[in-house]
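Source file: model32.cif; contents: mmCIF, C-alpha atoms.
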```cif
data_model
loop_
_atom_site.label_atom_id
_atom_site.label_comp_id
_atom_site.auth_asym_id
_atom_site.auth_seq_id
_atom_site.Cartn_x
_atom_site.Cartn_y
_atom_site.Cartn_z
CA MET A 171 0.00 0.00 0.00
CA SER A 172 2.80 2.37 0.88
CA PHE A 173 4.38 1.58 -2.47
CA PHE A 174 1.15 2.53 -4.19
CA ASN A 175 0.95 5.74 -2.24
CA SER A 176 4.46 6.63 -3.23
CA ILE A 177 3.79 6.32 -6.94
CA THR A 178 0.26 7.72 -6.82
CA PRO A 179 0.29 10.13 -3.92
CA ALA A 180 -3.03 11.59 -5.05
CA ALA A 181 -4.93 8.32 -4.59
CA PRO A 182 -7.61 9.36 -2.14
CA THR A 183 -8.81 7.04 0.57
CA ALA A 184 -11.72 9.29 1.45
CA LEU A 185 -12.91 12.30 -0.44
CA SER A 186 -12.58 15.59 1.36
CA THR A 187 -14.82 18.52 0.46
CA ALA A 188 -12.14 20.14 -1.64
CA GLU A 189 -11.55 16.94 -3.56
CA ALA A 190 -15.28 16.40 -4.07
CA GLU A 191 -15.50 19.87 -5.58
CA ALA A 192 -12.64 19.05 -7.88
CA LEU A 193 -14.60 16.11 -9.30
CA PRO A 194 -15.75 16.65 -12.87
CA SER A 195 -19.34 17.79 -12.89
CA ARG A 196 -22.17 15.75 -14.28
CA ARG A 197 -24.97 16.97 -16.51
CA PRO A 198 -28.28 16.32 -14.78
CA SER A 199 -31.32 15.01 -16.61
CA TYR A 200 -33.73 17.82 -17.45
CA GLU A 201 -36.74 18.78 -19.50
CA VAL A 202 -37.58 22.05 -21.20
CA ALA A 203 -41.08 23.04 -22.28
CA GLU A 204 -42.21 26.21 -23.96
CA THR A 205 -45.18 28.06 -22.56
CA ASP A 206 -46.93 31.20 -23.78
CA GLY A 207 -44.90 33.55 -21.68
CA GLY A 208 -41.62 31.68 -21.58
CA TYR A 209 -40.11 28.32 -20.75
CA THR A 210 -40.33 25.87 -17.90
CA LEU A 211 -37.26 23.91 -17.03
CA VAL A 212 -37.37 20.86 -14.76
CA ILE A 213 -34.00 19.55 -13.59
CA ASN A 214 -33.42 16.43 -11.51
CA LEU A 215 -30.90 17.22 -8.78
CA PRO A 216 -31.08 14.45 -6.18
CA GLY A 217 -29.04 15.17 -3.08
CA VAL A 218 -28.78 18.90 -3.70
CA SER A 219 -30.03 21.20 -0.96
CA LYS A 220 -30.95 24.85 -1.29
CA GLU A 221 -27.58 25.85 0.17
CA GLY A 222 -25.63 23.89 -2.42
CA LEU A 223 -27.48 25.38 -5.37
CA GLU A 224 -26.19 28.20 -7.51
CA ILE A 225 -28.14 29.62 -10.43
CA THR A 226 -26.70 32.35 -12.62
CA ASP A 227 -27.94 33.91 -15.82
CA GLU A 228 -25.45 36.06 -17.60
CA GLY A 229 -24.87 37.01 -21.22
CA GLY A 230 -27.55 34.68 -22.55
CA GLU A 231 -26.22 31.72 -20.63
CA LEU A 232 -28.13 30.05 -17.83
CA ARG A 233 -25.95 28.05 -15.50
CA VAL A 234 -27.15 25.74 -12.76
CA LEU A 235 -24.57 24.33 -10.39
CA GLY A 236 -25.65 21.92 -7.67
CA LYS A 237 -23.25 20.68 -5.05
CA ARG A 238 -24.38 17.42 -3.61
CA SER A 239 -24.77 16.72 0.08
CA ASN A 240 -24.95 12.96 -0.30
CA LYS A 241 -21.64 12.08 1.26
CA LEU A 242 -21.67 8.79 3.08
CA PRO A 243 -21.37 9.07 6.85
CA GLY A 244 -17.92 8.31 8.18
CA GLY A 245 -17.02 4.90 9.55
CA VAL A 246 -19.36 2.89 7.36
CA VAL A 247 -18.46 -0.06 5.18
CA VAL A 248 -19.61 0.44 1.61
CA LEU A 249 -20.97 -2.78 0.13
CA HIS A 250 -22.27 -1.40 -3.12
CA ARG A 251 -22.27 2.08 -4.57
CA GLU A 252 -23.99 3.49 -7.62
CA SER A 253 -24.44 7.14 -6.70
CA SER A 254 -21.83 9.79 -7.37
CA GLU A 255 -20.72 12.77 -5.35
CA ALA A 256 -19.83 14.77 -8.44
CA PRO A 257 -21.67 18.09 -8.59
CA PHE A 258 -24.36 18.68 -11.17
CA GLU A 259 -23.78 21.34 -13.77
CA LEU A 260 -26.09 22.41 -16.55
CA VAL A 261 -25.37 25.26 -18.95
CA LEU A 262 -28.05 26.32 -21.41
CA GLU A 263 -27.92 29.17 -23.89
CA HIS A 264 -30.93 31.31 -24.58
CA ASP A 265 -29.60 34.15 -26.75
CA ASN A 266 -31.07 36.86 -24.51
CA THR A 267 -34.61 35.86 -25.39
CA VAL A 268 -35.14 35.39 -21.67
CA ASP A 269 -35.42 38.15 -19.11
CA PRO A 270 -33.25 36.87 -16.24
CA SER A 271 -34.74 39.32 -13.72
CA LYS A 272 -38.09 37.52 -13.99
CA THR A 273 -36.77 33.98 -13.49
CA GLU A 274 -38.45 32.05 -10.69
CA ALA A 275 -36.86 28.99 -9.10
CA GLU A 276 -38.24 26.34 -6.78
CA LEU A 277 -36.35 23.39 -5.33
CA LYS A 278 -38.41 20.55 -3.93
CA ASP A 279 -37.39 16.97 -3.17
CA GLY A 280 -34.32 17.14 -5.35
CA VAL A 281 -36.13 18.62 -8.36
CA LEU A 282 -35.49 22.17 -9.47
CA SER A 283 -38.25 23.92 -11.39
CA LEU A 284 -37.32 27.09 -13.21
CA LYS A 285 -39.79 29.44 -14.82
CA LEU A 286 -38.10 31.58 -17.43
CA SER A 287 -39.98 34.55 -18.85
CA LYS A 288 -39.46 35.64 -22.41
CA ALA A 289 -38.01 39.08 -22.81
CA GLU A 290 -40.49 41.65 -24.09
CA SER A 291 -38.39 42.13 -27.22
CA ALA A 292 -38.61 38.41 -27.99
CA LYS A 293 -42.39 38.18 -27.72
CA PRO A 294 -44.38 38.18 -30.93
CA ARG A 295 -45.72 41.60 -31.68
CA LYS A 296 -48.63 42.56 -33.81
CA ILE A 297 -47.95 45.49 -36.03
CA ALA A 298 -50.91 47.50 -37.08
CA VAL A 299 -50.98 48.72 -40.64
CA THR A 300 -52.03 52.27 -40.97
CA MET B 286 -40.04 -11.70 -64.32
CA HIS B 287 -37.24 -11.46 -61.91
CA LEU B 288 -36.91 -13.61 -58.95
CA ILE B 289 -35.39 -11.70 -56.14
CA ASN B 290 -33.39 -13.74 -53.79
CA TYR B 291 -34.64 -12.38 -50.50
CA THR B 292 -32.84 -13.04 -47.29
CA HIS B 293 -33.97 -11.92 -43.91
CA ARG B 294 -31.83 -9.21 -42.51
CA ASN B 295 -30.44 -9.93 -39.16
CA THR B 296 -32.85 -8.30 -36.76
CA PHE B 297 -30.58 -8.66 -33.78
CA PRO B 298 -28.14 -5.87 -33.10
CA VAL B 299 -25.12 -8.10 -33.31
CA THR B 300 -21.83 -6.37 -33.72
CA ARG B 301 -19.80 -8.35 -36.16
CA PHE B 302 -16.08 -8.38 -36.23
CA GLY B 303 -13.97 -9.16 -39.23
CA GLY B 304 -15.05 -8.90 -42.83
CA ARG B 305 -15.85 -5.73 -44.67
CA LEU B 306 -18.96 -3.76 -43.98
CA GLY B 307 -21.14 -2.59 -46.84
CA ALA B 308 -22.76 0.85 -46.81
CA GLN B 309 -26.03 -0.65 -45.64
CA ASP B 310 -24.32 -2.51 -42.85
CA ILE B 311 -22.67 0.66 -41.66
CA GLU B 312 -26.03 2.38 -41.68
CA SER B 313 -27.60 -0.32 -39.59
CA GLU B 314 -24.61 -0.33 -37.26
CA LEU B 315 -24.96 3.40 -36.80
CA GLY B 316 -28.68 3.01 -36.24
CA TYR B 317 -27.95 0.47 -33.57
CA LEU B 318 -25.39 2.72 -31.95
CA PHE B 319 -27.87 5.57 -31.87
CA SER B 320 -30.69 3.45 -30.54
CA SER B 321 -28.45 2.01 -27.86
CA ALA B 322 -27.22 5.48 -26.90
CA LEU B 323 -30.80 6.67 -26.61
CA GLY B 324 -31.70 3.49 -24.82
CA ASN B 325 -29.21 4.42 -22.14
CA LEU B 326 -30.43 7.97 -21.99
CA ALA B 327 -34.16 7.38 -21.89
CA PRO B 328 -34.37 5.79 -18.43
CA SER B 329 -32.52 8.67 -16.83
CA ILE B 330 -35.15 11.08 -18.10
CA LEU B 331 -38.16 8.88 -17.62
CA GLY B 332 -37.14 7.37 -14.33
CA GLY B 333 -36.75 3.66 -14.75
CA GLN B 334 -33.94 2.31 -12.65
CA PHE B 335 -32.50 4.58 -10.05
CA PRO B 336 -29.06 4.47 -8.40
CA VAL B 337 -28.84 2.63 -5.11
CA ASP B 338 -26.11 2.55 -2.45
CA LEU B 339 -25.71 -0.18 0.14
CA TYR B 340 -23.54 0.34 3.20
CA GLU B 341 -23.36 -0.72 6.82
CA ASP B 342 -21.99 0.18 10.21
CA LYS B 343 -21.79 -2.08 13.24
CA ASP B 344 -25.52 -1.96 14.08
CA ASN B 345 -27.36 -1.20 10.88
CA THR B 346 -27.41 -1.85 7.17
CA TYR B 347 -28.42 1.14 5.05
CA VAL B 348 -29.91 1.37 1.61
CA ARG B 349 -29.94 4.73 -0.07
CA ALA B 350 -31.79 5.50 -3.29
CA GLU B 351 -31.95 8.56 -5.53
CA LEU B 352 -35.61 9.26 -6.17
CA PRO B 353 -36.00 12.93 -7.04
CA GLY B 354 -39.45 14.48 -7.17
CA VAL B 355 -41.40 11.70 -5.51
CA SER B 356 -43.95 12.56 -2.85
CA ARG B 357 -43.57 10.75 0.45
CA ASP B 358 -46.88 8.93 0.27
CA ALA B 359 -45.98 7.54 -3.15
CA ILE B 360 -43.00 5.63 -1.71
CA SER B 361 -43.41 2.11 -0.44
CA VAL B 362 -40.61 0.20 1.25
CA GLU B 363 -41.00 -3.47 2.15
CA MET B 364 -38.86 -6.35 3.33
CA VAL B 365 -39.57 -9.44 1.26
CA GLU B 366 -37.60 -12.63 2.00
CA GLY B 367 -34.23 -11.08 2.62
CA SER B 368 -34.63 -8.36 0.02
CA LEU B 369 -35.73 -4.79 0.31
CA SER B 370 -38.33 -3.77 -2.20
CA ILE B 371 -38.52 -0.07 -3.05
CA GLN B 372 -41.47 1.14 -5.07
CA ALA B 373 -42.28 4.70 -5.91
CA SER B 374 -44.21 6.67 -8.46
CA ARG B 375 -43.84 10.18 -9.68
CA LYS B 376 -46.41 12.31 -11.40
CA ASP B 377 -44.98 14.30 -14.27
CA LYS B 378 -46.70 17.18 -15.91
CA SER B 379 -45.58 17.99 -19.39
CA ALA B 380 -46.94 19.70 -22.46
CA ASP B 381 -48.48 16.39 -23.57
CA GLY B 382 -50.41 16.05 -20.33
CA GLU B 383 -49.86 14.20 -17.11
CA GLY B 384 -48.09 10.93 -16.79
CA THR B 385 -46.97 8.67 -14.00
CA VAL B 386 -43.52 7.19 -13.87
CA SER B 387 -43.04 4.11 -11.72
CA PHE B 388 -39.83 3.18 -10.02
CA ASN B 389 -39.20 -0.30 -8.80
CA ARG B 390 -36.18 -2.00 -7.38
CA LEU B 391 -35.37 -5.02 -5.30
CA VAL B 392 -32.15 -4.89 -3.28
CA SER B 393 -30.88 -8.05 -1.67
CA ILE B 394 -29.75 -7.47 1.90
CA PRO B 395 -26.73 -9.52 2.94
CA ASP B 396 -27.47 -9.70 6.67
CA GLU B 397 -30.53 -10.73 8.60
CA VAL B 398 -32.43 -7.66 9.70
CA GLN B 399 -35.18 -6.92 12.17
CA SER B 400 -37.90 -6.38 9.61
CA ASP B 401 -40.24 -4.75 12.13
CA LYS B 402 -37.72 -2.05 13.01
CA VAL B 403 -36.91 -0.80 9.54
CA THR B 404 -37.18 2.97 9.21
CA ALA B 405 -36.91 5.29 6.23
CA SER B 406 -36.35 8.98 5.66
CA TYR B 407 -36.61 11.11 2.55
CA GLU B 408 -34.70 14.33 2.04
CA ASN B 409 -33.64 16.30 -1.06
CA GLY B 410 -34.90 13.52 -3.28
CA ILE B 411 -32.85 10.83 -1.54
CA LEU B 412 -34.45 7.95 0.31
CA THR B 413 -32.44 6.41 3.13
CA VAL B 414 -33.65 3.14 4.64
CA THR B 415 -32.14 2.02 7.95
CA LEU B 416 -32.28 -1.71 8.60
CA PRO B 417 -31.20 -2.74 12.12
CA ARG B 418 -29.35 -6.04 12.03
CA LYS B 419 -30.42 -9.01 14.12
CA GLU B 420 -28.31 -9.63 17.18
CA GLU B 421 -27.06 -12.98 15.90
CA SER B 422 -25.79 -11.51 12.65
CA LYS B 423 -23.73 -8.81 14.36
CA PRO B 424 -20.05 -9.56 14.71
CA LYS B 425 -19.40 -11.18 18.07
CA LYS B 426 -16.33 -11.53 20.12
CA ILE B 427 -15.75 -15.06 21.25
CA ASN B 428 -13.37 -15.76 24.02
CA VAL B 429 -11.53 -18.96 23.64
CA ALA B 430 -9.81 -20.36 26.63
CA VAL B 431 -6.43 -21.76 25.78
CA ASN B 432 -5.27 -24.47 28.06
#
```
Written as structure tokens, that's how I'd like the structure from this file.
Amino acid sequence: MSFFNSITPAAPTALSTAEAEALPSRRPSYEVAETDGGYTLVINLPGVSKEGLEITDEGGELRVLGKRSNKLPGGVVVLHRESSEAPFELVLEHDNTVDPSKTEAELKDGVLSLKLSKAESAKPRKIAVT
Amino acid sequence: MHLINYTHRNTFPVTRFGGRLGAQDIESELGYLFSSALGNLAPSILGGQFPVDLYEDKDNTYVRAELPGVSRDAISVEMVEGSLSIQASRKDKSADGEGTVSFNRLVSIPDEVQSDKVTASYENGILTVTLPRKEESKPKKINVAVN
């Protein structure tokens, strides 16, 4: 074991918070639907609490970053593991057709629902002929 | 009149090795690759199988499952002959209307547990089931007298 540690000193025995954050992020499963006034976005983020969630919308790019709080308690023996501690990251472009100041977000039971409103300039406009 | 020698195309997605592939073969291979890629993707959107963790400490065995967006009363957890059965359903609203996605998984539990003392909690879309082990299946220290 010590030999292994000497050639791969980075081999982690347990993931610390810093190391977990360094994990490559995973794209969560999500659904987008268009409504009259905008879009609804439903993103599955199991194990993400409100505190670990970061939503930004800048320059026509919506970014959702969810840090997971599903670390296994210390001192347990893992028999089988399928879940991952890698954070969720989803980046979607919307070409400024969305007004970020009107975005509403709700996180419930590991599912994030986002309501995006279309920008006034992107809404269809009827032009009267005079 | 022409007689066309018709042979059934292989309907199974068998990847063949060796030999040259014709254009049609490549097309079907690609089709298979796409369908298998989508086949892997579809369950993650629709639900289907969900990831499960199994771990233990000295008193309990734990089963943890990722079940985002399920309401608590739509989860059912049962011990059936040494296995833990997790069933859940999730109502999804989409543009096409409402649909229900069912989740179902049977996890075999290595140790004997006290079925009547199993508890479960659900937080942030993660279900954690605590299964207290039976006394006899806990590790025991046995003193052996050496003469």
Give me the result of the PyMOL selection byres ((chain A) within 10 of (chain B)) on this file, residue by residue, as a ChimeraX atom specification.
/A:198-205,210,212-220,238-240,242-254,277-282
List, as a ChimeraX atom specification, every residue that the PyMOL selection byres ((chain B and resi 390) around 7) selects in the file provided.
/B:370-372,388-389,391-392
What is the distance between atom CA of B:Arg418 and atom CA of B:Val398, in Å to one decimal?
4.2 Å
Taking the file as I've supplied it (selection: the PyMOL selection byres ((chain A and resi 229) around 9)), which residues are included? Please answer as a count of residues only.
9
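One finds atom CA of B:Asp396 at 23.2 Å from atom CA of B:Asn428.
For the pair atom CA of A:Pro194 and atom CA of A:Glu276, the separation is 25.2 Å.
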Distance cut-off 7 Å, centre (-35.4, 38.4, -24.0) in file coordinates, counting all atoms listed in the file: which residues qualify? Return them as number ranges by chain.
A: 266-269, 288-292
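Restricting the calculation to all atoms listed in the file, the smallest distance between A:Leu262 and any of A:Lys241, A:Arg233, A:Arg295, A:Lys285 is found for A:Arg233.
Using only C-alpha atoms, the smallest distance between any of B:Ala405, B:Gln399, B:Val431, B:Gln334 and B:Pro417 comes from B:Gln399.
Residue nearest A:Pro270 within the list A:Ala256, A:Lys237, A:Thr226, A:Glu221: A:Thr226 [criterion: smallest interatomic distance, all atoms listed in the file].
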With distances taken over all atoms listed in the file, which of A:Val299, A:Gly207, A:Pro294, A:Glu224 is nearest to A:Pro257?
A:Glu224
